[in-house]
$ cat entry_8.pdb   # PDB, C-alpha atoms, pLDDT in the B column
ATOM      1  CA  MET A   1       2.964 -60.284  54.874  1.00 77.00           C
ATOM      2  CA  LYS A   2       1.803 -63.268  56.944  1.00 86.00           C
ATOM      3  CA  CYS A   3       5.122 -64.994  56.330  1.00 88.00           C
ATOM      4  CA  LEU A   4       7.039 -62.011  57.711  1.00 90.00           C
ATOM      5  CA  ALA A   5       4.648 -61.626  60.627  1.00 91.00           C
ATOM      6  CA  SER A   6       5.121 -65.341  61.332  1.00 93.00           C
ATOM      7  CA  ILE A   7       8.907 -64.938  61.443  1.00 94.00           C
ATOM      8  CA  SER A   8       8.604 -62.015  63.862  1.00 93.00           C
ATOM      9  CA  TRP A   9       6.111 -63.931  65.997  1.00 93.00           C
ATOM     10  CA  ARG A  10       8.411 -66.971  66.176  1.00 93.00           C
ATOM     11  CA  VAL A  11      11.460 -64.892  67.120  1.00 92.00           C
ATOM     12  CA  LEU A  12       9.512 -63.020  69.804  1.00 92.00           C
ATOM     13  CA  LEU A  13       8.038 -66.261  71.159  1.00 92.00           C
ATOM     14  CA  PHE A  14      11.459 -67.948  71.194  1.00 91.00           C
ATOM     15  CA  HIS A  15      13.079 -65.091  73.095  1.00 88.00           C
ATOM     16  CA  SER A  16      10.103 -64.771  75.457  1.00 87.00           C
ATOM     17  CA  LEU A  17      10.213 -68.459  76.379  1.00 88.00           C
ATOM     18  CA  SER A  18      13.937 -69.137  76.361  1.00 82.00           C
ATOM     19  CA  GLN A  19      15.505 -65.952  77.647  1.00 73.00           C
ATOM     20  CA  GLY A  20      12.760 -63.868  79.211  1.00 74.00           C
ATOM     21  CA  LEU A  21      13.486 -60.798  77.020  1.00 73.00           C
ATOM     22  CA  PRO A  22      16.605 -59.544  78.836  1.00 66.00           C
ATOM     23  CA  ASN A  23      17.029 -56.663  76.367  1.00 66.00           C
ATOM     24  CA  LEU A  24      13.672 -55.232  77.430  1.00 70.00           C
ATOM     25  CA  ASP A  25      14.032 -53.854  80.922  1.00 68.00           C
ATOM     26  CA  ASP A  26      11.033 -51.511  81.030  1.00 74.00           C
ATOM     27  CA  GLN A  27       7.739 -53.040  82.242  1.00 80.00           C
ATOM     28  CA  HIS A  28       5.724 -50.993  79.731  1.00 80.00           C
ATOM     29  CA  VAL A  29       7.815 -52.371  76.847  1.00 82.00           C
ATOM     30  CA  ILE A  30       7.518 -55.935  78.181  1.00 83.00           C
ATOM     31  CA  LYS A  31       3.714 -55.612  78.382  1.00 87.00           C
ATOM     32  CA  GLU A  32       3.662 -54.222  74.849  1.00 88.00           C
ATOM     33  CA  SER A  33       5.752 -57.176  73.627  1.00 89.00           C
ATOM     34  CA  LYS A  34       3.132 -59.551  75.065  1.00 92.00           C
ATOM     35  CA  ARG A  35       0.408 -57.626  73.233  1.00 93.00           C
ATOM     36  CA  ALA A  36       2.463 -57.807  70.025  1.00 93.00           C
ATOM     37  CA  LEU A  37       2.881 -61.562  70.424  1.00 93.00           C
ATOM     38  CA  GLU A  38      -0.884 -62.025  70.686  1.00 96.00           C
ATOM     39  CA  GLN A  39      -1.730 -59.585  67.881  1.00 95.00           C
ATOM     40  CA  LEU A  40       0.740 -61.276  65.516  1.00 95.00           C
ATOM     41  CA  ARG A  41      -0.705 -64.685  66.423  1.00 95.00           C
ATOM     42  CA  LEU A  42      -4.241 -63.511  65.693  1.00 95.00           C
ATOM     43  CA  PHE A  43      -3.132 -62.070  62.343  1.00 94.00           C
ATOM     44  CA  ILE A  44      -1.261 -65.222  61.319  1.00 93.00           C
ATOM     45  CA  MET A  45      -4.310 -67.347  62.215  1.00 95.00           C
ATOM     46  CA  ASN A  46      -6.606 -65.115  60.077  1.00 93.00           C
ATOM     47  CA  GLU A  47      -8.571 -63.992  63.132  1.00 95.00           C
ATOM     48  CA  ILE A  48      -7.876 -60.295  62.454  1.00 93.00           C
ATOM     49  CA  PRO A  49      -7.156 -58.518  59.127  1.00 91.00           C
ATOM     50  CA  SER A  50      -4.039 -56.663  60.242  1.00 89.00           C
ATOM     51  CA  PRO A  51      -1.216 -56.940  62.774  1.00 89.00           C
ATOM     52  CA  GLU A  52      -1.414 -53.171  63.391  1.00 89.00           C
ATOM     53  CA  PRO A  53       0.000 -51.407  65.274  1.00 90.00           C
ATOM     54  CA  TYR A  54       2.791 -54.003  65.053  1.00 90.00           C
ATOM     55  CA  GLY A  55       3.965 -53.387  61.495  1.00 88.00           C
ATOM     56  CA  GLN A  56       6.749 -55.137  59.631  1.00 91.00           C
ATOM     57  CA  HIS A  57       9.750 -53.449  58.010  1.00 91.00           C
ATOM     58  CA  LEU A  58      11.914 -55.242  55.454  1.00 89.00           C
ATOM     59  CA  LEU A  59      15.344 -53.907  54.543  1.00 88.00           C
ATOM     60  CA  PRO A  60      17.165 -55.585  51.637  1.00 87.00           C
ATOM     61  CA  MET A  61      20.931 -55.223  52.054  1.00 86.00           C
ATOM     62  CA  GLU A  62      23.846 -55.581  49.701  1.00 83.00           C
ATOM     63  CA  ILE A  63      27.611 -55.311  49.888  1.00 83.00           C
ATOM     64  CA  ILE A  64      28.812 -51.915  51.067  1.00 82.00           C
ATOM     65  CA  ALA A  65      31.578 -50.747  48.745  1.00 80.00           C
ATOM     66  CA  ASP A  66      31.691 -46.987  49.257  1.00 76.00           C
ATOM     67  CA  HIS A  67      30.452 -45.152  52.306  1.00 74.00           C
ATOM     68  CA  SER A  68      30.875 -42.017  54.361  1.00 73.00           C
ATOM     69  CA  LEU A  69      29.989 -43.661  57.658  1.00 71.00           C
ATOM     70  CA  SER A  70      32.289 -43.262  60.608  1.00 74.00           C
ATOM     71  CA  LYS A  71      33.179 -46.346  62.612  1.00 83.00           C
ATOM     72  CA  LEU A  72      31.910 -48.869  60.068  1.00 85.00           C
ATOM     73  CA  SER A  73      32.746 -52.385  61.185  1.00 84.00           C
ATOM     74  CA  PRO A  74      35.360 -54.098  58.992  1.00 85.00           C
ATOM     75  CA  PHE A  75      33.166 -57.214  59.313  1.00 85.00           C
ATOM     76  CA  ILE A  76      29.952 -55.607  58.034  1.00 87.00           C
ATOM     77  CA  ASN A  77      30.008 -57.183  54.565  1.00 85.00           C
ATOM     78  CA  ARG A  78      30.596 -60.665  55.958  1.00 83.00           C
ATOM     79  CA  TYR A  79      27.695 -60.087  58.329  1.00 87.00           C
ATOM     80  CA  ILE A  80      25.415 -58.806  55.559  1.00 88.00           C
ATOM     81  CA  VAL A  81      26.150 -61.651  53.144  1.00 84.00           C
ATOM     82  CA  SER A  82      26.702 -64.726  55.244  1.00 81.00           C
ATOM     83  CA  SER A  83      24.957 -64.603  58.599  1.00 85.00           C
ATOM     84  CA  LEU A  84      21.610 -65.417  60.114  1.00 89.00           C
ATOM     85  CA  ASP A  85      20.635 -63.556  63.257  1.00 90.00           C
ATOM     86  CA  HIS A  86      17.679 -62.728  65.505  1.00 92.00           C
ATOM     87  CA  ASP A  87      16.990 -60.823  68.685  1.00 90.00           C
ATOM     88  CA  VAL A  88      14.462 -58.692  70.498  1.00 90.00           C
ATOM     89  CA  ILE A  89      15.892 -55.225  71.022  1.00 87.00           C
ATOM     90  CA  GLY A  90      14.580 -52.258  72.910  1.00 83.00           C
ATOM     91  CA  SER A  91      14.901 -49.269  75.165  1.00 81.00           C
ATOM     92  CA  LYS A  92      12.454 -47.469  77.458  1.00 78.00           C
ATOM     93  CA  ASN A  93      10.390 -46.129  74.564  1.00 81.00           C
ATOM     94  CA  SER A  94      11.178 -48.337  71.565  1.00 85.00           C
ATOM     95  CA  ALA A  95      11.322 -52.072  70.854  1.00 90.00           C
ATOM     96  CA  PHE A  96      11.701 -54.343  67.815  1.00 91.00           C
ATOM     97  CA  ILE A  97      11.852 -57.960  66.818  1.00 93.00           C
ATOM     98  CA  TYR A  98      14.974 -58.388  64.683  1.00 93.00           C
ATOM     99  CA  SER A  99      15.407 -61.196  62.150  1.00 94.00           C
ATOM    100  CA  LYS A 100      18.274 -61.371  59.666  1.00 93.00           C
ATOM    101  CA  LEU A 101      17.805 -63.877  56.873  1.00 91.00           C
ATOM    102  CA  GLY A 102      20.807 -63.643  54.590  1.00 87.00           C
ATOM    103  CA  THR A 103      20.698 -60.220  52.987  1.00 88.00           C
ATOM    104  CA  LEU A 104      17.168 -59.468  54.212  1.00 91.00           C
ATOM    105  CA  LEU A 105      16.677 -57.701  57.540  1.00 91.00           C
ATOM    106  CA  LEU A 106      13.219 -57.874  59.077  1.00 93.00           C
ATOM    107  CA  PHE A 107      12.114 -55.566  61.869  1.00 93.00           C
ATOM    108  CA  GLY A 108       8.829 -56.300  63.597  1.00 93.00           C
ATOM    109  CA  GLU A 109       7.561 -53.270  65.474  1.00 92.00           C
ATOM    110  CA  ILE A 110       6.682 -53.660  69.115  1.00 92.00           C
ATOM    111  CA  LEU A 111       6.867 -50.018  70.116  1.00 87.00           C
ATOM    112  CA  GLU A 112       8.067 -47.290  67.728  1.00 85.00           C
ATOM    113  CA  PRO A 113       7.539 -43.638  68.625  1.00 83.00           C
ATOM    114  CA  PHE A 114       9.895 -42.554  65.802  1.00 82.00           C
ATOM    115  CA  ALA A 115       8.057 -44.010  62.790  1.00 81.00           C
ATOM    116  CA  HIS A 116       8.996 -40.949  60.699  1.00 83.00           C
ATOM    117  CA  GLU A 117      12.654 -42.073  60.753  1.00 85.00           C
ATOM    118  CA  TRP A 118      11.819 -45.124  58.611  1.00 85.00           C
ATOM    119  CA  ASP A 119      11.301 -44.658  54.890  1.00 85.00           C
ATOM    120  CA  GLY A 120      10.517 -47.247  52.236  1.00 81.00           C
ATOM    121  CA  THR A 121      10.803 -50.300  54.485  1.00 84.00           C
ATOM    122  CA  ARG A 122       7.248 -50.821  55.729  1.00 82.00           C
ATOM    123  CA  ILE A 123       5.465 -53.797  54.179  1.00 82.00           C
ATOM    124  CA  ALA A 124       2.048 -53.010  52.699  1.00 76.00           C
ATOM    125  CA  ILE A 125      -0.418 -55.224  54.593  1.00 71.00           C
ATOM    126  CA  ASN A 126      -2.740 -56.141  51.739  1.00 66.00           C
ATOM    127  CA  GLU A 127      -0.041 -56.543  49.099  1.00 66.00           C
ATOM    128  CA  GLY A 128       2.964 -57.750  51.075  1.00 60.00           C
ATOM    129  CA  THR A 129       5.281 -55.679  48.900  1.00 61.00           C
ATOM    130  CA  LEU A 130       7.806 -52.881  49.170  1.00 59.00           C
ATOM    131  CA  HIS A 131       7.056 -49.981  46.843  1.00 60.00           C
ATOM    132  CA  ILE A 132      10.228 -47.918  47.145  1.00 57.00           C
ATOM    133  CA  GLN A 133      13.783 -48.781  46.166  1.00 72.00           C
ATOM    134  CA  LYS A 134      15.408 -46.113  48.350  1.00 78.00           C
ATOM    135  CA  TYR A 135      15.387 -46.915  52.054  1.00 82.00           C
ATOM    136  CA  SER A 136      16.067 -44.937  55.180  1.00 83.00           C
ATOM    137  CA  ILE A 137      16.375 -46.322  58.711  1.00 85.00           C
ATOM    138  CA  PRO A 138      17.038 -44.664  62.067  1.00 85.00           C
ATOM    139  CA  ARG A 139      20.699 -44.230  63.002  1.00 85.00           C
ATOM    140  CA  ARG A 140      20.184 -46.267  66.196  1.00 86.00           C
ATOM    141  CA  ILE A 141      19.072 -49.216  64.034  1.00 87.00           C
ATOM    142  CA  TRP A 142      22.134 -48.872  61.795  1.00 87.00           C
ATOM    143  CA  ASN A 143      24.345 -48.760  64.917  1.00 88.00           C
ATOM    144  CA  PHE A 144      22.691 -51.975  66.114  1.00 89.00           C
ATOM    145  CA  ILE A 145      23.386 -53.725  62.769  1.00 90.00           C
ATOM    146  CA  ASN A 146      26.988 -52.518  62.825  1.00 90.00           C
ATOM    147  CA  GLU A 147      27.450 -53.816  66.409  1.00 91.00           C
ATOM    148  CA  ARG A 148      25.991 -57.204  65.440  1.00 90.00           C
ATOM    149  CA  SER A 149      28.694 -57.585  62.794  1.00 90.00           C
ATOM    150  CA  TYR A 150      31.333 -57.327  65.538  1.00 89.00           C
ATOM    151  CA  LEU A 151      29.564 -60.073  67.518  1.00 87.00           C
ATOM    152  CA  VAL A 152      29.609 -62.364  64.482  1.00 81.00           C
ATOM    153  CA  ALA A 153      33.320 -61.635  64.006  1.00 82.00           C
ATOM    154  CA  GLN A 154      33.959 -62.547  67.645  1.00 83.00           C
ATOM    155  CA  SER A 155      32.089 -65.817  67.158  1.00 80.00           C
ATOM    156  CA  PHE A 156      34.060 -66.583  64.012  1.00 77.00           C
ATOM    157  CA  SER A 157      37.341 -66.030  65.872  1.00 78.00           C
ATOM    158  CA  LYS A 158      36.334 -68.812  68.298  1.00 83.00           C
ATOM    159  CA  ILE A 159      36.059 -71.401  65.529  1.00 82.00           C
ATOM    160  CA  SER A 160      38.829 -73.990  65.707  1.00 86.00           C
ATOM    161  CA  ASN A 161      41.651 -73.946  63.152  1.00 84.00           C
ATOM    162  CA  THR A 162      40.410 -77.273  61.779  1.00 88.00           C
ATOM    163  CA  GLN A 163      36.909 -75.899  61.212  1.00 84.00           C
ATOM    164  CA  GLN A 164      38.294 -72.684  59.675  1.00 76.00           C
ATOM    165  CA  LYS A 165      40.257 -74.806  57.173  1.00 80.00           C
ATOM    166  CA  ILE A 166      37.065 -76.679  56.250  1.00 81.00           C
ATOM    167  CA  ILE A 167      35.233 -73.378  55.730  1.00 72.00           C
ATOM    168  CA  GLU A 168      38.091 -71.977  53.643  1.00 71.00           C
ATOM    169  CA  SER A 169      38.231 -75.164  51.568  1.00 77.00           C
ATOM    170  CA  SER A 170      34.505 -74.862  50.899  1.00 71.00           C
ATOM    171  CA  ARG A 171      34.932 -71.239  49.825  1.00 62.00           C
ATOM    172  CA  GLU A 172      37.729 -72.199  47.442  1.00 65.00           C
ATOM    173  CA  LYS A 173      35.557 -74.872  45.833  1.00 66.00           C
ATOM    174  CA  ASP A 174      32.843 -72.269  45.232  1.00 58.00           C
ATOM    175  CA  GLY A 175      35.242 -69.702  43.790  1.00 51.00           C
ATOM    176  CA  GLY A 176      35.989 -67.843  46.987  1.00 47.00           C
ATOM    177  CA  PHE A 177      34.238 -65.148  48.952  1.00 45.00           C
ATOM    178  CA  LYS A 178      34.211 -62.686  46.041  1.00 45.00           C
ATOM    179  CA  PHE A 179      32.347 -65.225  43.935  1.00 40.00           C
ATOM    180  CA  GLN A 180      29.843 -65.796  46.729  1.00 43.00           C
ATOM    181  CA  VAL A 181      29.226 -62.060  47.030  1.00 41.00           C
ATOM    182  CA  GLN A 182      28.804 -61.634  43.274  1.00 41.00           C
ATOM    183  CA  ARG A 183      26.388 -64.567  43.144  1.00 42.00           C
ATOM    184  CA  VAL A 184      24.255 -62.998  45.895  1.00 40.00           C
ATOM    185  CA  ILE A 185      24.213 -59.673  44.032  1.00 39.00           C
ATOM    186  CA  ASP A 186      23.401 -61.360  40.714  1.00 42.00           C
ATOM    187  CA  ASP A 187      20.561 -63.333  42.317  1.00 43.00           C
ATOM    188  CA  ALA A 188      19.138 -60.154  43.832  1.00 40.00           C
ATOM    189  CA  ILE A 189      19.151 -58.387  40.458  1.00 38.00           C
ATOM    190  CA  ALA A 190      17.652 -61.286  38.487  1.00 37.00           C
TER     191      ALA A 190
END

$ encode --input "entry_8.pdb" --output "structure tokens"
Amino acid sequence: MKCLASISWRVLLFHSLSQGLPNLDDQHVIKESKRALEQLRLFIMNEIPSPEPYGQHLLPMEIIADHSLSKLSPFINRYIVSSLDHDVIGSKNSAFIYSKLGTLLLFGEILEPFAHEWDGTRIAINEGTLHIQKYSIPRRIWNFINERSYLVAQSFSKISNTQQKIIESSREKDGGFKFQVQRVIDDAIA
């Protein structure tokens, strides 16, 4: 749990210092993010037993093969398998620290009035484990993840032809994208 809290703390600190939290435009949410930063720091340094009320949610992802979702990004599987990402996201009444580490998505709560919309993702403080294998997240969070996959696709389209050839050559040496995906799935099962 401390490791995950540390990741959230680092992402929040980075965005606070480098960008000034532009995605948080409500003063109440900004004040709450400062409280979260301090509470996470105290927890990481063993000065308090819990980061509450700033919990951590972990969502393991895998390749999406079949779905009934409308407007699913055609780049979602590439995003899930091969990208790293982080941000601080929020609205007037909700805010999160977002960290994507390969196929693991970490959400650090700053302000969450809709806790009932999350199921199976909250990390148990004393154990640092997930107990459920079926997960449910709010639709607004799924929409955010889907939108991020478009941003990654836009970034990829800006890569020079020379660099794209190097990336493709590397994929071919490793057996291609399908092999990479299967290896990630196999590693997750093992």

$ resolve_selection --input "entry_8.pdb" --expression "the PyMOL selection byres ((chain A and resi 137) around 10)" --output "PyMOL selection string"
chain A and resi 57+59+115-121+135-136+138-142

$ resolve_selection --input "entry_8.pdb" --expression "the PyMOL selection byres ((chain A and resi 73) around 10)" --output "list of chain:residue names"
A:Leu69, A:Ser70, A:Lys71, A:Leu72, A:Pro74, A:Phe75, A:Ile76, A:Asn77, A:Tyr79, A:Asn143, A:Ile145, A:Asn146, A:Glu147, A:Arg148, A:Ser149, A:Tyr150, A:Ala153

$ closest_residue --input "entry_8.pdb" --among "A:Met45, A:Val29, A:Leu58, A:Ala36" --to "Ile89 in chain A" --atoms "all atoms listed in the file"
A:Val29

$ closest_residue --input "entry_8.pdb" --among "A:Gly108, A:Ile125, A:Ser50, A:Ser83" --to "Ser155 in chain A" --atoms "all atoms listed in the file"
A:Ser83

$ resolve_selection --input "entry_8.pdb" --expression "the PyMOL selection byres ((chain A and resi 54) around 6)" --output "ChimeraX atom specification"
/A:51-53,55,109-110

$ write_last_selection --input "entry_8.pdb" --atoms "C-alpha atoms" --output "PDB file, in the frame of the given file"
ATOM      1  CA  PRO A  51      -1.216 -56.940  62.774  1.00 89.00           C
ATOM      2  CA  GLU A  52      -1.414 -53.171  63.391  1.00 89.00           C
ATOM      3  CA  PRO A  53       0.000 -51.407  65.274  1.00 90.00           C
ATOM      4  CA  GLY A  55       3.965 -53.387  61.495  1.00 88.00           C
ATOM      5  CA  GLU A 109       7.561 -53.270  65.474  1.00 92.00           C
ATOM      6  CA  ILE A 110       6.682 -53.660  69.115  1.00 92.00           C
TER       7      ILE A 110
END

$ closest_residue --input "entry_8.pdb" --among "A:Leu37, A:Val152, A:Ile166, A:Ile80" --to "Ser8 in chain A" --atoms "all atoms listed in the file"
A:Leu37

$ atom_distance --input "entry_8.pdb" --atom1 "CA of Arg122 in chain A" --atom2 "CA of Ser16 in chain A"
24.3 Å

$ axis_aligned_box --input "entry_8.pdb" --around "range 11-18 of chain A" --padding-each-side "3 Å" --output "JSON"
{"center_x": 11.0, "center_y": -66.1, "center_z": 71.7, "size_x": 11.9, "size_y": 12.1, "size_z": 15.3}

$ residues_around --input "entry_8.pdb" --residues "Lys2 in chain A" --least-positions-apart "3" --cutoff "8 Å" --atoms "all atoms listed in the file" --output "PDB file with C-alpha atoms, in the coordinates of the input"
ATOM      1  CA  ALA A   5       4.648 -61.626  60.627  1.00 91.00           C
ATOM      2  CA  SER A   6       5.121 -65.341  61.332  1.00 93.00           C
ATOM      3  CA  PHE A  43      -3.132 -62.070  62.343  1.00 94.00           C
ATOM      4  CA  ILE A  44      -1.261 -65.222  61.319  1.00 93.00           C
TER       5      ILE A  44
END

$ atom_distance --input "entry_8.pdb" --atom1 "CA of Gly90 in chain A" --atom2 "CA of Lys34 in chain A"
13.7 Å

$ atom_distance --input "entry_8.pdb" --atom1 "CA of Ile167 in chain A" --atom2 "CA of Gly102 in chain A"
17.4 Å

$ closest_residue --input "entry_8.pdb" --among "A:Leu12, A:Met1, A:Leu111, A:Leu24" --to "Tyr98 in chain A" --atoms "all atoms listed in the file"
A:Leu12

$ residues_around --input "entry_8.pdb" --residues "Asp87 in chain A" --least-positions-apart "4" --cutoff "9 Å" --atoms "all atoms listed in the file" --output "MDAnalysis selection string"
chainID A and resid 11:12 15 23 96:99

$ closest_residue --input "entry_8.pdb" --among "A:Leu21, A:Thr162, A:Asp85, A:Leu13" --to "Leu101 in chain A" --atoms "all atoms listed in the file"
A:Asp85

$ decode --input "entry_8.pdb" --residues "range 90-106 of chain A" --atoms "N, CA and C atoms" --output "compact mmCIF listing (two decimals), in the first residue's frame"
# COMPACT_ATOMS: atom_id res chain seq x y z
N GLY A 90 -9.96 16.11 -12.41
CA GLY A 90 -11.00 16.49 -11.48
C GLY A 90 -12.10 17.33 -12.09
N SER A 91 -13.11 17.53 -11.27
CA SER A 91 -14.24 18.39 -11.60
C SER A 91 -14.55 19.19 -10.33
N LYS A 92 -15.71 19.80 -10.27
CA LYS A 92 -16.05 20.60 -9.08
C LYS A 92 -16.23 19.76 -7.83
N ASN A 93 -16.59 18.48 -7.98
CA ASN A 93 -16.86 17.69 -6.79
C ASN A 93 -16.10 16.36 -6.74
N SER A 94 -15.16 16.17 -7.63
CA SER A 94 -14.42 14.90 -7.67
C SER A 94 -13.02 15.15 -8.21
N ALA A 95 -12.03 14.45 -7.65
CA ALA A 95 -10.66 14.59 -8.14
C ALA A 95 -9.86 13.33 -7.82
N PHE A 96 -8.95 12.98 -8.76
CA PHE A 96 -8.11 11.79 -8.62
C PHE A 96 -6.71 12.05 -9.11
N ILE A 97 -5.80 11.25 -8.58
CA ILE A 97 -4.43 11.18 -9.08
C ILE A 97 -4.41 9.92 -9.95
N TYR A 98 -4.04 10.06 -11.20
CA TYR A 98 -4.06 8.95 -12.15
C TYR A 98 -2.64 8.55 -12.51
N SER A 99 -2.35 7.26 -12.36
CA SER A 99 -1.04 6.71 -12.75
C SER A 99 -1.28 5.42 -13.51
N LYS A 100 -0.74 5.34 -14.72
CA LYS A 100 -0.86 4.12 -15.52
C LYS A 100 0.53 3.53 -15.68
N LEU A 101 0.69 2.33 -15.16
CA LEU A 101 1.97 1.63 -15.19
C LEU A 101 1.77 0.33 -15.95
N GLY A 102 1.99 0.38 -17.25
CA GLY A 102 1.71 -0.81 -18.06
C GLY A 102 0.24 -1.12 -17.99
N THR A 103 -0.09 -2.35 -17.60
CA THR A 103 -1.49 -2.76 -17.56
C THR A 103 -2.15 -2.49 -16.20
N LEU A 104 -1.47 -1.79 -15.32
CA LEU A 104 -2.04 -1.45 -14.02
C LEU A 104 -2.41 0.03 -13.99
N LEU A 105 -3.64 0.32 -13.62
CA LEU A 105 -4.11 1.70 -13.49
C LEU A 105 -4.34 1.98 -12.02
N LEU A 106 -3.69 3.02 -11.53
CA LEU A 106 -3.79 3.41 -10.13
C LEU A 106 -4.53 4.74 -10.04
